[in-house]
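What follows is upload.txt (compact mmCIF, C-alpha atoms).
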```txt
# COMPACT_ATOMS: atom_id res chain seq x y z
CA MET A 1 16.74 9.90 13.75
CA LEU A 2 13.59 9.23 15.76
CA LYS A 3 11.49 10.76 12.98
CA LYS A 4 13.10 8.42 10.48
CA ALA A 5 12.51 5.47 12.79
CA GLY A 6 8.84 6.44 13.07
CA LYS A 7 8.51 6.48 9.29
CA ARG A 8 10.13 3.05 9.08
CA LEU A 9 7.71 1.74 11.69
CA LEU A 10 4.73 3.08 9.75
CA ILE A 11 6.02 1.27 6.66
CA LEU A 12 6.35 -1.96 8.65
CA LEU A 13 2.74 -1.89 9.87
CA PRO A 14 1.23 -2.91 6.47
CA ALA A 15 3.92 -5.60 6.21
CA ILE A 16 2.94 -6.94 9.65
CA TRP A 17 -0.72 -6.96 8.62
CA LEU A 18 0.13 -8.81 5.40
CA LEU A 19 2.28 -11.33 7.26
CA ALA A 20 -0.47 -11.98 9.81
CA SER A 21 -3.05 -12.46 7.05
CA VAL A 22 -0.84 -14.87 5.10
CA VAL A 23 -0.11 -16.89 8.24
CA PHE A 24 -3.82 -17.13 9.04
CA LEU A 25 -4.88 -18.14 5.52
CA LEU A 26 -2.08 -20.70 5.20
CA SER A 27 -3.00 -22.26 8.56
CA LYS A 28 -6.60 -22.60 7.37
CA SER A 29 -5.64 -24.05 3.98
CA ILE A 30 -3.78 -27.03 5.50
CA PRO A 31 -6.14 -30.03 5.71
CA GLY A 32 -6.72 -31.74 9.02
CA SER A 33 -6.39 -30.45 12.58
CA ALA A 34 -5.74 -31.91 16.01
CA SER A 35 -9.32 -31.43 17.19
CA GLU A 36 -10.75 -32.97 14.02
CA MET A 37 -8.46 -35.99 14.29
CA GLN A 38 -9.43 -36.45 17.94
CA PHE A 39 -13.11 -36.23 17.05
CA GLU A 40 -12.83 -38.86 14.28
CA GLN A 41 -10.93 -41.24 16.54
CA ALA A 42 -13.45 -40.76 19.33
CA ALA A 43 -16.36 -41.29 16.92
CA GLU A 44 -14.89 -44.58 15.74
CA SER A 45 -14.34 -45.80 19.29
CA ALA A 46 -17.82 -44.79 20.50
CA ASN A 47 -19.79 -47.90 21.38
CA SER A 48 -23.23 -46.31 21.05
CA SER A 49 -24.99 -43.78 18.86
CA ALA A 50 -25.80 -41.68 21.95
CA LYS A 51 -22.11 -41.27 22.73
CA ALA A 52 -21.35 -40.45 19.10
CA GLU A 53 -24.08 -37.77 19.07
CA ALA A 54 -22.79 -36.34 22.37
CA ARG A 55 -19.29 -36.08 20.89
CA GLN A 56 -20.70 -34.39 17.80
CA ARG A 57 -22.51 -31.83 19.94
CA ALA A 58 -19.37 -31.17 21.97
CA TYR A 59 -17.33 -30.74 18.79
CA ARG A 60 -19.91 -28.37 17.28
CA GLN A 61 -19.88 -26.32 20.49
CA LEU A 62 -16.07 -26.15 20.29
CA LEU A 63 -16.22 -24.92 16.69
CA HIS A 64 -18.84 -22.33 17.61
CA ARG A 65 -16.80 -21.10 20.58
CA THR A 66 -13.66 -20.72 18.46
CA GLY A 67 -15.54 -19.29 15.47
CA GLU A 68 -14.50 -22.12 13.12
CA ASP A 69 -18.11 -22.68 12.06
CA LEU A 70 -18.11 -19.28 10.33
CA PRO A 71 -17.10 -18.60 6.69
CA LEU A 72 -13.39 -18.02 6.17
CA PHE A 73 -13.38 -14.50 4.73
CA TYR A 74 -15.66 -11.53 4.01
CA PHE A 75 -16.58 -12.88 0.58
CA ARG A 76 -16.05 -15.83 -1.71
CA ILE A 77 -16.23 -16.30 -5.46
CA GLY A 78 -17.83 -19.62 -6.34
CA THR A 79 -20.28 -21.11 -8.79
CA ALA A 80 -24.05 -21.17 -9.07
CA ALA A 81 -23.99 -24.88 -8.20
CA GLU A 82 -22.47 -24.29 -4.76
CA PRO A 83 -24.47 -23.37 -1.66
CA ASP A 84 -23.46 -20.43 0.52
CA THR A 85 -23.67 -22.57 3.69
CA LEU A 86 -21.15 -25.29 2.91
CA HIS A 87 -18.87 -23.95 5.66
CA LYS A 88 -21.42 -25.16 8.23
CA ILE A 89 -20.45 -28.78 7.48
CA PHE A 90 -18.10 -29.15 10.44
CA LEU A 91 -15.95 -32.05 9.12
CA ALA A 92 -13.39 -31.06 6.49
CA ASN A 93 -13.48 -34.42 4.70
CA HIS A 94 -17.28 -34.15 4.42
CA ARG A 95 -16.96 -30.65 2.95
CA ALA A 96 -14.41 -31.89 0.42
CA ALA A 97 -16.64 -34.82 -0.56
CA LEU A 98 -19.67 -32.58 -1.00
CA LYS A 99 -17.65 -30.14 -3.13
CA ASN A 100 -16.64 -33.05 -5.34
CA LEU A 101 -20.28 -34.13 -5.72
CA VAL A 102 -21.33 -30.56 -6.53
CA PHE A 103 -18.60 -30.25 -9.15
CA THR A 104 -19.64 -33.57 -10.71
CA TYR A 105 -23.43 -33.21 -10.70
CA GLY A 106 -24.16 -29.53 -9.97
CA ASN A 107 -27.53 -30.08 -8.22
CA TRP A 108 -27.12 -29.08 -4.59
CA PRO A 109 -30.75 -29.74 -3.44
CA GLU A 110 -30.51 -33.41 -4.45
CA ILE A 111 -26.96 -33.68 -3.06
CA SER A 112 -28.14 -32.20 0.23
CA ASP A 113 -30.93 -34.80 0.47
CA TYR A 114 -28.43 -37.55 -0.31
CA TYR A 115 -26.08 -36.28 2.41
CA LEU A 116 -28.91 -36.23 4.97
CA ALA A 117 -29.91 -39.79 3.97
CA LEU A 118 -26.29 -40.89 4.37
CA GLN A 119 -26.12 -39.34 7.84
CA GLN A 120 -29.34 -41.08 8.84
CA PHE A 121 -27.98 -44.37 7.54
CA GLU A 122 -24.72 -43.88 9.45
CA LYS A 123 -26.72 -43.15 12.61
CA THR A 124 -28.71 -46.35 12.13
CA ILE A 125 -25.72 -48.64 11.64
CA SER A 126 -24.09 -47.11 14.73
CA GLY A 127 -26.90 -48.47 16.90
CA PRO A 128 -26.44 -51.03 19.68
CA ASP A 129 -27.79 -53.99 17.66
CA LEU A 130 -24.62 -54.61 15.63
CA PRO A 131 -21.23 -55.96 16.79
CA GLN A 132 -18.45 -53.40 17.23
CA GLU A 133 -16.34 -54.86 14.41
CA THR A 134 -19.31 -54.73 12.02
CA LYS A 135 -19.95 -51.09 12.98
CA ARG A 136 -16.35 -50.17 12.31
CA LYS A 137 -16.44 -51.85 8.90
CA ASN A 138 -19.74 -50.23 7.95
CA LEU A 139 -18.60 -46.76 9.05
CA LYS A 140 -15.54 -47.18 6.85
CA LEU A 141 -17.82 -48.06 3.92
CA THR A 142 -20.00 -44.98 4.52
CA ARG A 143 -16.90 -42.76 4.33
CA GLN A 144 -15.93 -44.45 1.07
CA LEU A 145 -19.46 -43.96 -0.26
CA LEU A 146 -19.47 -40.26 0.58
CA ALA A 147 -16.04 -39.78 -1.02
CA THR A 148 -17.06 -41.30 -4.36
CA SER A 149 -19.07 -39.68 -7.12
CA ALA A 150 -18.84 -42.49 -9.68
CA PRO A 151 -22.18 -44.37 -9.98
CA ALA A 152 -20.51 -47.75 -10.63
CA LYS A 153 -18.34 -47.52 -7.49
CA ALA A 154 -21.22 -46.21 -5.37
CA ASN A 155 -23.51 -49.05 -6.51
CA LYS A 156 -20.79 -51.55 -5.64
CA ILE A 157 -20.57 -50.19 -2.07
CA LEU A 158 -24.38 -50.15 -1.73
CA LEU A 159 -24.50 -53.76 -2.90
CA GLU A 160 -21.97 -54.72 -0.27
CA PHE A 161 -24.12 -53.01 2.37
CA GLN A 162 -27.13 -54.95 1.14
CA LYS A 163 -25.33 -58.29 1.45
CA THR A 164 -24.20 -57.66 5.04
CA LEU A 165 -27.16 -55.74 6.52
CA CYS A 166 -30.37 -56.84 4.84
CA PHE A 167 -30.80 -60.08 6.69
CA SER A 168 -33.89 -61.29 8.52
CA GLY A 169 -35.07 -59.02 11.30
CA GLU A 170 -33.21 -55.89 10.15
CA LYS A 171 -35.98 -54.07 8.30
CA VAL A 172 -34.92 -50.63 9.55
CA LEU A 173 -31.44 -51.04 8.07
CA CYS A 174 -32.87 -52.20 4.75
CA LYS A 175 -35.32 -49.31 4.62
CA ASP A 176 -32.60 -46.71 5.32
CA LEU A 177 -30.38 -48.39 2.76
CA GLU A 178 -33.11 -48.20 0.10
CA ASN A 179 -33.68 -44.52 0.90
CA LEU A 180 -29.95 -43.94 0.53
CA ARG A 181 -29.87 -45.73 -2.82
CA ALA A 182 -32.88 -43.76 -4.07
CA SER A 183 -31.27 -40.46 -2.99
CA PHE A 184 -28.07 -41.22 -4.88
CA GLU A 185 -29.98 -42.27 -7.99
CA LYS A 186 -31.88 -38.99 -7.80
CA VAL A 187 -28.56 -37.08 -7.68
CA VAL A 188 -27.39 -38.86 -10.82
CA ALA A 189 -30.71 -38.50 -12.65
CA HIS A 190 -31.18 -34.76 -12.00
CA GLN A 191 -27.60 -33.59 -12.55
CA HIS A 192 -27.08 -30.01 -13.72
CA SER A 193 -23.30 -29.70 -14.10
CA ALA A 194 -23.59 -26.57 -16.29
CA LEU A 195 -24.17 -24.52 -13.10
CA ASN A 196 -20.50 -25.10 -12.22
CA TYR A 197 -19.53 -22.73 -15.02
CA GLN A 198 -21.66 -19.82 -13.79
CA PRO A 199 -19.59 -17.67 -11.38
CA THR A 200 -21.36 -16.38 -8.28
CA PHE A 201 -20.26 -13.87 -5.64
CA PHE A 202 -21.00 -14.83 -2.00
CA TRP A 203 -20.92 -12.03 0.60
CA TYR A 204 -20.70 -12.95 4.29
CA GLY A 205 -20.03 -9.58 5.95
CA THR A 206 -18.05 -9.29 9.17
CA GLN A 207 -19.32 -12.61 10.52
CA ASN A 208 -16.29 -14.57 9.32
CA GLN A 209 -13.22 -16.26 10.75
CA TYR A 210 -10.69 -13.75 9.43
CA HIS A 211 -12.50 -10.72 10.91
CA ARG A 212 -12.82 -12.42 14.27
CA TRP A 213 -9.21 -13.67 14.25
CA PHE A 214 -7.70 -10.32 13.26
CA GLY A 215 -9.79 -8.46 15.83
CA ASN A 216 -8.54 -10.84 18.52
CA LEU A 217 -4.99 -10.48 17.21
CA LEU A 218 -5.11 -6.70 17.68
CA ARG A 219 -5.97 -7.39 21.31
CA GLY A 220 -3.10 -9.87 21.64
CA ASP A 221 -5.34 -12.95 21.53
CA LEU A 222 -3.91 -15.72 19.30
CA GLY A 223 -6.65 -18.23 20.08
CA PHE A 224 -6.44 -21.56 21.88
CA SER A 225 -4.39 -24.69 21.39
CA ASN A 226 -6.26 -27.65 19.93
CA ARG A 227 -4.40 -30.03 22.22
CA ASP A 228 -5.18 -28.71 25.70
CA MET A 229 -7.33 -25.60 25.00
CA ARG A 230 -4.78 -23.34 26.68
CA PRO A 231 -4.30 -19.81 25.26
CA VAL A 232 -1.72 -19.83 22.47
CA SER A 233 -0.12 -16.62 23.77
CA GLU A 234 0.45 -18.27 27.16
CA ILE A 235 2.01 -21.38 25.58
CA ILE A 236 4.31 -19.36 23.32
CA ALA A 237 5.29 -17.02 26.18
CA GLU A 238 6.49 -19.99 28.25
CA ALA A 239 8.55 -21.36 25.36
CA PHE A 240 9.81 -17.91 24.34
CA ALA A 241 11.20 -17.33 27.84
CA ILE A 242 13.58 -20.27 27.24
CA THR A 243 14.50 -19.54 23.63
CA ILE A 244 15.07 -15.81 24.08
CA TRP A 245 17.84 -16.44 26.62
CA LEU A 246 19.49 -18.91 24.25
CA ALA A 247 19.31 -16.44 21.38
CA LEU A 248 20.32 -13.36 23.37
CA ALA A 249 23.30 -15.02 25.04
CA THR A 250 24.52 -16.41 21.72
CA PHE A 251 23.91 -13.11 19.96
CA VAL A 252 25.87 -11.07 22.50
CA LEU A 253 28.78 -13.53 22.64
CA VAL A 254 29.07 -13.80 18.86
CA ALA A 255 28.56 -10.04 18.27
CA ILE A 256 31.35 -9.21 20.74
CA SER A 257 33.74 -12.11 20.16
CA GLY A 258 33.59 -12.07 16.34
CA PRO A 259 34.85 -8.48 15.79
CA ALA A 260 37.30 -8.82 18.71
CA ILE A 261 38.92 -11.91 17.17
CA ALA A 262 38.91 -10.21 13.75
CA MET A 263 40.76 -7.18 15.17
CA VAL A 264 43.30 -9.42 16.88
CA LEU A 265 43.88 -11.29 13.62
CA SER A 266 44.32 -7.98 11.79
CA ARG A 267 47.30 -6.97 13.92
CA LYS A 268 50.76 -7.29 12.39
CA SER A 269 51.92 -9.53 15.21
CA MET A 270 49.37 -12.17 14.11
CA GLU A 271 50.60 -12.47 10.52
CA SER A 272 52.49 -15.70 11.19
CA SER A 273 49.61 -17.51 12.94
CA ARG A 274 46.71 -15.89 11.08
CA GLY A 275 46.42 -18.67 8.51
CA ALA A 276 46.26 -21.38 11.17
CA VAL A 277 43.54 -19.55 13.14
CA LEU A 278 41.45 -18.90 10.02
CA GLY A 279 41.89 -22.51 8.93
CA PHE A 280 40.67 -23.69 12.33
CA LEU A 281 37.63 -21.41 12.07
CA TYR A 282 36.79 -22.73 8.58
CA ALA A 283 37.10 -26.31 9.83
CA LEU A 284 34.87 -25.51 12.82
CA GLU A 285 32.27 -23.95 10.51
CA SER A 286 32.07 -27.15 8.44
CA ILE A 287 30.86 -29.25 11.40
CA PRO A 288 27.05 -29.69 11.28
CA LEU A 289 25.16 -28.30 14.23
CA PHE A 290 23.51 -31.56 15.23
CA ILE A 291 26.85 -33.42 15.15
CA MET A 292 28.43 -30.90 17.50
CA ALA A 293 25.37 -30.97 19.74
CA LEU A 294 25.45 -34.78 19.99
CA VAL A 295 29.18 -34.67 20.84
CA PHE A 296 28.56 -32.13 23.62
CA LEU A 297 25.62 -34.19 24.89
CA SER A 298 27.69 -37.38 24.98
CA VAL A 299 30.62 -35.73 26.75
CA ALA A 300 28.35 -33.99 29.29
CA GLY A 301 26.51 -37.24 29.98
CA TYR A 302 29.77 -39.17 30.40
CA LEU A 303 31.18 -36.58 32.79
CA GLY A 304 27.90 -36.37 34.74
CA TRP A 305 27.44 -32.65 34.20
CA PHE A 306 23.65 -32.78 34.14
CA GLY A 307 23.27 -33.89 37.77
CA ASN A 308 20.49 -32.09 39.62
CA TYR A 309 20.22 -29.21 37.10
CA PRO A 310 19.59 -30.83 33.72
CA GLU A 311 17.75 -27.85 32.20
CA GLU A 312 20.40 -25.31 33.25
CA THR A 313 23.18 -27.57 31.96
CA GLY A 314 21.31 -28.08 28.70
CA MET A 315 20.99 -24.30 28.32
CA VAL A 316 24.73 -23.77 28.78
CA LEU A 317 25.59 -26.55 26.33
CA ALA A 318 23.10 -25.26 23.76
CA ILE A 319 24.59 -21.74 24.01
CA ALA A 320 28.09 -23.15 23.62
CA VAL A 321 27.08 -25.11 20.51
CA LEU A 322 25.34 -22.11 18.97
CA VAL A 323 28.34 -19.87 19.60
CA LEU A 324 30.82 -22.37 18.13
CA VAL A 325 28.65 -22.95 15.07
CA ASN A 326 28.00 -19.27 14.28
CA LEU A 327 31.23 -17.62 15.48
CA PRO A 328 33.48 -18.76 12.57
CA TYR A 329 31.32 -17.24 9.84
CA PHE A 330 30.76 -13.96 11.66
CA THR A 331 34.46 -13.70 12.55
CA SER A 332 35.55 -14.33 8.97
CA GLN A 333 33.14 -11.70 7.66
CA ALA A 334 34.34 -9.19 10.24
CA PHE A 335 37.95 -9.96 9.29
CA VAL A 336 37.26 -9.49 5.55
CA ALA A 337 35.49 -6.17 6.25
CA LEU A 338 38.42 -4.96 8.38
CA GLN A 339 40.97 -5.97 5.76
CA SER A 340 39.01 -4.05 3.15
CA GLU A 341 39.01 -0.91 5.32
CA LEU A 342 42.71 -1.24 6.20
CA ARG A 343 43.56 -0.92 2.51
CA GLU A 344 41.75 2.43 2.19
CA ASN A 345 43.66 5.71 1.84
CA TYR A 346 42.34 7.22 5.07
CA VAL A 347 43.98 4.38 7.02
CA LEU A 348 47.32 5.10 5.34
CA THR A 349 46.86 8.77 6.23
CA ALA A 350 46.15 7.87 9.87
CA LYS A 351 49.28 5.73 10.01
CA ALA A 352 51.31 8.53 8.40
CA LYS A 353 50.16 10.86 11.17
CA GLY A 354 51.77 8.51 13.66
CA LEU A 355 48.61 6.99 15.18
CA SER A 356 49.12 3.72 16.98
CA GLU A 357 47.89 0.42 15.57
CA ASN A 358 45.18 0.22 18.24
CA ASN A 359 43.85 3.68 17.34
CA VAL A 360 43.82 2.87 13.64
CA LEU A 361 41.94 -0.38 14.20
CA LEU A 362 39.44 0.83 16.81
CA ARG A 363 38.75 4.47 15.90
CA HIS A 364 38.96 4.24 12.12
CA ALA A 365 38.87 0.83 10.45
CA PHE A 366 36.51 -0.91 12.87
CA ARG A 367 33.87 1.81 12.86
CA ASN A 368 33.74 1.92 9.06
CA SER A 369 33.52 -1.86 8.87
CA LEU A 370 30.40 -1.89 11.05
CA LEU A 371 27.87 -1.43 8.23
CA PRO A 372 28.22 -4.92 6.71
CA LEU A 373 28.40 -6.39 10.23
CA ILE A 374 25.14 -4.68 11.21
CA THR A 375 23.51 -6.21 8.13
CA LEU A 376 24.71 -9.65 9.22
CA LEU A 377 23.48 -9.13 12.77
CA ALA A 378 20.07 -7.97 11.56
CA ASP A 379 19.48 -11.39 9.99
CA PHE A 380 21.41 -13.28 12.66
CA PHE A 381 18.96 -12.94 15.57
CA PRO A 382 15.84 -14.31 13.76
CA VAL A 383 17.97 -17.14 12.34
CA LEU A 384 19.05 -17.99 15.89
CA LEU A 385 15.42 -18.30 16.98
CA ALA A 386 14.73 -20.71 14.13
CA GLY A 387 18.04 -22.55 14.60
CA THR A 388 17.28 -23.59 18.17
CA VAL A 389 14.83 -26.26 16.95
CA VAL A 390 17.44 -29.02 16.77
CA LEU A 391 19.21 -28.02 19.99
CA GLU A 392 16.04 -27.78 22.05
CA VAL A 393 15.05 -31.27 20.93
CA ILE A 394 18.53 -32.74 21.61
CA PHE A 395 18.98 -31.08 25.02
CA SER A 396 15.26 -31.43 26.00
CA LEU A 397 14.70 -27.71 26.44
CA PRO A 398 11.03 -26.58 26.43
CA GLY A 399 11.62 -23.68 24.04
CA MET A 400 10.07 -22.45 20.80
CA GLY A 401 11.89 -24.99 18.64
CA ARG A 402 10.64 -27.96 20.60
CA LEU A 403 7.18 -26.43 20.76
CA LEU A 404 7.17 -26.01 16.98
CA VAL A 405 8.11 -29.66 16.42
CA SER A 406 5.46 -30.98 18.81
CA SER A 407 2.83 -28.63 17.33
CA VAL A 408 3.58 -29.80 13.78
CA LEU A 409 3.32 -33.46 14.82
CA ALA A 410 0.01 -32.75 16.60
CA ARG A 411 -1.30 -30.49 13.79
CA ASP A 412 -1.88 -27.71 16.30
CA TYR A 413 -2.09 -24.99 13.65
CA HIS A 414 -3.03 -22.15 16.01
CA VAL A 415 0.28 -22.57 17.86
CA ILE A 416 2.21 -22.97 14.58
CA ALA A 417 0.66 -19.77 13.20
CA GLY A 418 1.54 -17.91 16.40
CA LEU A 419 5.17 -19.08 16.26
CA VAL A 420 5.56 -18.15 12.59
CA LEU A 421 4.00 -14.75 13.21
CA LEU A 422 6.28 -14.08 16.19
CA THR A 423 9.38 -15.04 14.19
CA GLY A 424 8.33 -12.75 11.34
CA LEU A 425 7.71 -9.85 13.72
CA LEU A 426 11.14 -10.32 15.31
CA LYS A 427 12.76 -10.33 11.88
CA MET A 428 11.03 -7.05 10.98
CA LEU A 429 12.03 -5.56 14.33
CA SER A 430 15.66 -6.61 13.78
CA HIS A 431 15.71 -4.79 10.43
CA LEU A 432 14.24 -1.69 12.07
CA LEU A 433 16.97 -1.76 14.73
CA ALA A 434 19.56 -2.30 11.99
CA ASP A 435 18.41 0.93 10.32
CA LEU A 436 18.88 2.78 13.61
CA PHE A 437 22.38 1.37 14.07
CA TYR A 438 23.26 2.34 10.51
CA ASN A 439 22.58 5.95 11.48
CA VAL A 440 24.71 5.64 14.60
CA ALA A 441 27.63 4.03 12.74
CA ASP A 442 27.55 6.40 9.74
CA PRO A 443 26.34 9.99 10.39
CA ARG A 444 26.00 10.54 6.63
CA LEU A 445 22.90 8.32 6.64
CA ARG A 446 21.00 10.52 9.12
CA ALA A 447 19.90 13.04 6.52
```
Render the structure in this file as structure tokens.
Amino acid sequence: MLKKAGKRLLILLPAIWLLASVVFLLSKSIPGSASEMQFEQAAESANSSAKAEARQRAYRQLLHRTGEDLPLFYFRIGTAAEPDTLHKIFLANHRAALKNLVFTYGNWPEISDYYLALQQFEKTISGPDLPQETKRKNLKLTRQLLATSAPAKANKILLEFQKTLCFSGEKVLCKDLENLRASFEKVVAHQHSALNYQPTFFWYGTQNQYHRWFGNLLRGDLGFSNRDMRPVSEIIAEAFAITIWLALATFVLVAISGPAIAMVLSRKSMESSRGAVLGFLYALESIPLFIMALVFLSVAGYLGWFGNYPEETGMVLAIAVLVLVNLPYFTSQAFVALQSELRENYVLTAKAKGLSENNVLLRHAFRNSLLPLITLLADFFPVLLAGTVVLEVIFSLPGMGRLLVSSVLARDYHVIAGLVLLTGLLKMLSHLLADLFYNVADPRLRA
């Protein structure tokens, strides 16, 4: 059995690698991040160009420390119009705008000069000589100018700059504005869009984000949170310590209570009340989880159960809600499996031999009904981990569900990726344990 388990584990290793890679690539494909949002807000609120430059340097140092200034993967297939250093543009919206310009005009040298002229112009209008409201308006116009590739729209924005900035005594602004206009006209005049249809292979080697991330992952390092720069593994460990007790307690109670109730219902003495009990279980299963949780919360608050131990009380209530929500389905499935086994010939033979009802249920029917129950339990534990999201928010428990919600709202993708990866690993582990229990329940599967 151990040899078979080892083979299963070796099969799971490529699946774990694939899951980790998909999680990483998906987290990088989602636009926007907490650190980028914070940088943009800080740049807008900066009241001097010196402060804006200091924030830019700090942000670049953060990207360099976390490796986010490196290319994404070992290689990339692009076009002859694209540069191989576009990943060094540290703002995602700037990268997207430059890609749009490259796709439209196909002449990167001229586009690069235009981008540098736009940065110089933005630095000039961020100086101390203009009112804060004028700076904010002009910075908004520069973002609009970078995001557009249509000459008519760009000329309209440049004309608006000219009306507001080129007044008496502002020669520097006018000069930078004329340089910016000349750079854009050069981009339009020297366009070479045919280069966009020439495929090019870019090789970056091991100096890339994926190689660095996967190497750290093998050492148990999931990176740092964008919100407070704490290690992701430390944050998830704190939340997991809460959620695992919720899931384990619910799992044990449901796994024991469900088959026990099913065996009681299968006894002949329960024939008269069986329909009422099953009807109650079906009615209980139809109640949404959040409705039941809100009812428990209201009753507990009215009775003053929270008192001096709000977190412990919330844990008990959350476990009770999870058990009541999941017990009906598991009990009904266990009952159906038992009824199916009780109709088999070997059960009739056992009864004919004079075995008691308890022996027939426990030693024969129950053991053979375990296989479908093990399948249910294999998927039950990972579902419990994901299902605690609502309860942890309602009962204010600092577990994985609440952490996932707060991380999504804050766009903290490193934490989200770590949570998704952990849930996937637990699901794979549950299926591995299910295979082992199959062998214990049915000796015929050990060969």
#### Entry: Atomic distance atom CA of A:Val325 - atom CA of A:Leu284, expressed in Å with one decimal
7.1 Å
### Message
Counting only C-alpha atoms, which residue out of A:Ala255, A:Leu297, A:Met292, A:Ala247 sits closest to A:Leu376?
### Response
A:Ala255
### Task
Fewer than 4 positions away in the same chain doesn't count, so skip those; otherwise give me all residues within 10 Å of A:Asn179, counting only C-alpha atoms, as a ChimeraX atom specification.
/A:114,117-118,120-121,173-175,183-185
### Contacts of A:Ala300 within 12 Å, all atoms listed in the file, excl. fewer than 3 positions in-chain, as a VMD selection string
chain A and resid 293 to 297 303 to 307 310 313 to 314 316 to 318 395
Using 10 Å as the limit and counting all atoms listed in the file, can you tabulate each residue of stretch 221-272 of chain A that touches stretch 334-345 of chain A, with its shortest atom-to-atom distance in Å and the two atoms involved, as a tab-separated table?
```
residue	atom	partner	partner_atom	distance
A:Ala255	CA	A:Ala334	CA	9.9
A:Gly258	CA	A:Ala334	CA	6.8
A:Pro259	CA	A:Ala334	CA	5.6
A:Ala260	CA	A:Ala334	CA	9.0
A:Ile261	CA	A:Phe335	CA	8.2
A:Ala262	CA	A:Phe335	CA	4.6
A:Met263	CA	A:Phe335	CA	7.1
A:Val264	CA	A:Phe335	CA	9.3
A:Leu265	CA	A:Phe335	CA	7.5
A:Ser266	CA	A:Phe335	CA	7.1
```
### Task
Measuring atom to atom with all atoms listed in the file, identify which of A:Gly424, A:Ala154, A:Ser21, A:Ile416 is nearest to A:Leu217.
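Ranking A:Gly424, A:Ala154, A:Ser21, A:Ile416 by distance to A:Leu217, first place goes to A:Ser21.
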### Summary
As a check of understanding: the span from atom CA of A:Pro372 to atom CA of A:Val252 is 17.1 Å
### Task
May I have the residues within 9 Å of A:His414 as an MDAnalysis selection string, using only C-alpha atoms and disregarding those fewer than 6 positions away in the same chain?
chainID A and resid 24 27 222:226 232 407
Box dimensions and centre (Å, one decimal) enclosing stretch 344-347 of chain A, axis-aligned, 4 Å extra per side, as AutoDock Vina command-line options:
```
--center_x 42.9 --center_y 4.8 --center_z 4.4 --size_x 10.2 --size_y 12.8 --size_z 13.2
```
#### Entry: Best match for closeness to A:Phe330 among A:Phe251, A:Tyr302, A:Phe290, A:Tyr309, counting all atoms listed in the file
A:Phe251
### Task
Counting all atoms listed in the file, figure out which residue out of A:Gln198, A:Ser29, A:Thr375, A:Ser149 gets nearest to A:Ser430.
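Of A:Gln198, A:Ser29, A:Thr375, A:Ser149, the one nearest A:Ser430, counting all atoms listed in the file, is A:Thr375.
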### Task
For atom CA of A:Ala58 and atom CA of A:Ile111, quote the distance in Å rounded to one decimal.
26.3 Å
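Compared by their closest atoms to A:Lys135, and using only C-alpha atoms, the residues A:Asn93, A:Thr164, A:Ser233, A:Thr79 rank with A:Thr164 nearest.
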### Task
Counting all atoms listed in the file, figure out which residue out of A:Thr250, A:Ile394, A:Leu436, A:Ala378 gets nearest to A:Leu324.
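Checking each candidate against A:Leu324, we get A:Thr250 as the closest.
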What are the closest atom pairs, with distances in Å to one decimal, for each residue of stretch 208-307 of chain A lying within 8 Å of stretch 64-70 of chain A, using only C-alpha atoms, rows by chain and rising residue number, as CSV?
```
residue,atom,partner,partner_atom,distance
A:Asn208,CA,A:Leu70,CA,5.1
A:Gln209,CA,A:Leu70,CA,5.8
A:Arg212,CA,A:Gly67,CA,7.5
A:Gly223,CA,A:Thr66,CA,7.6
```
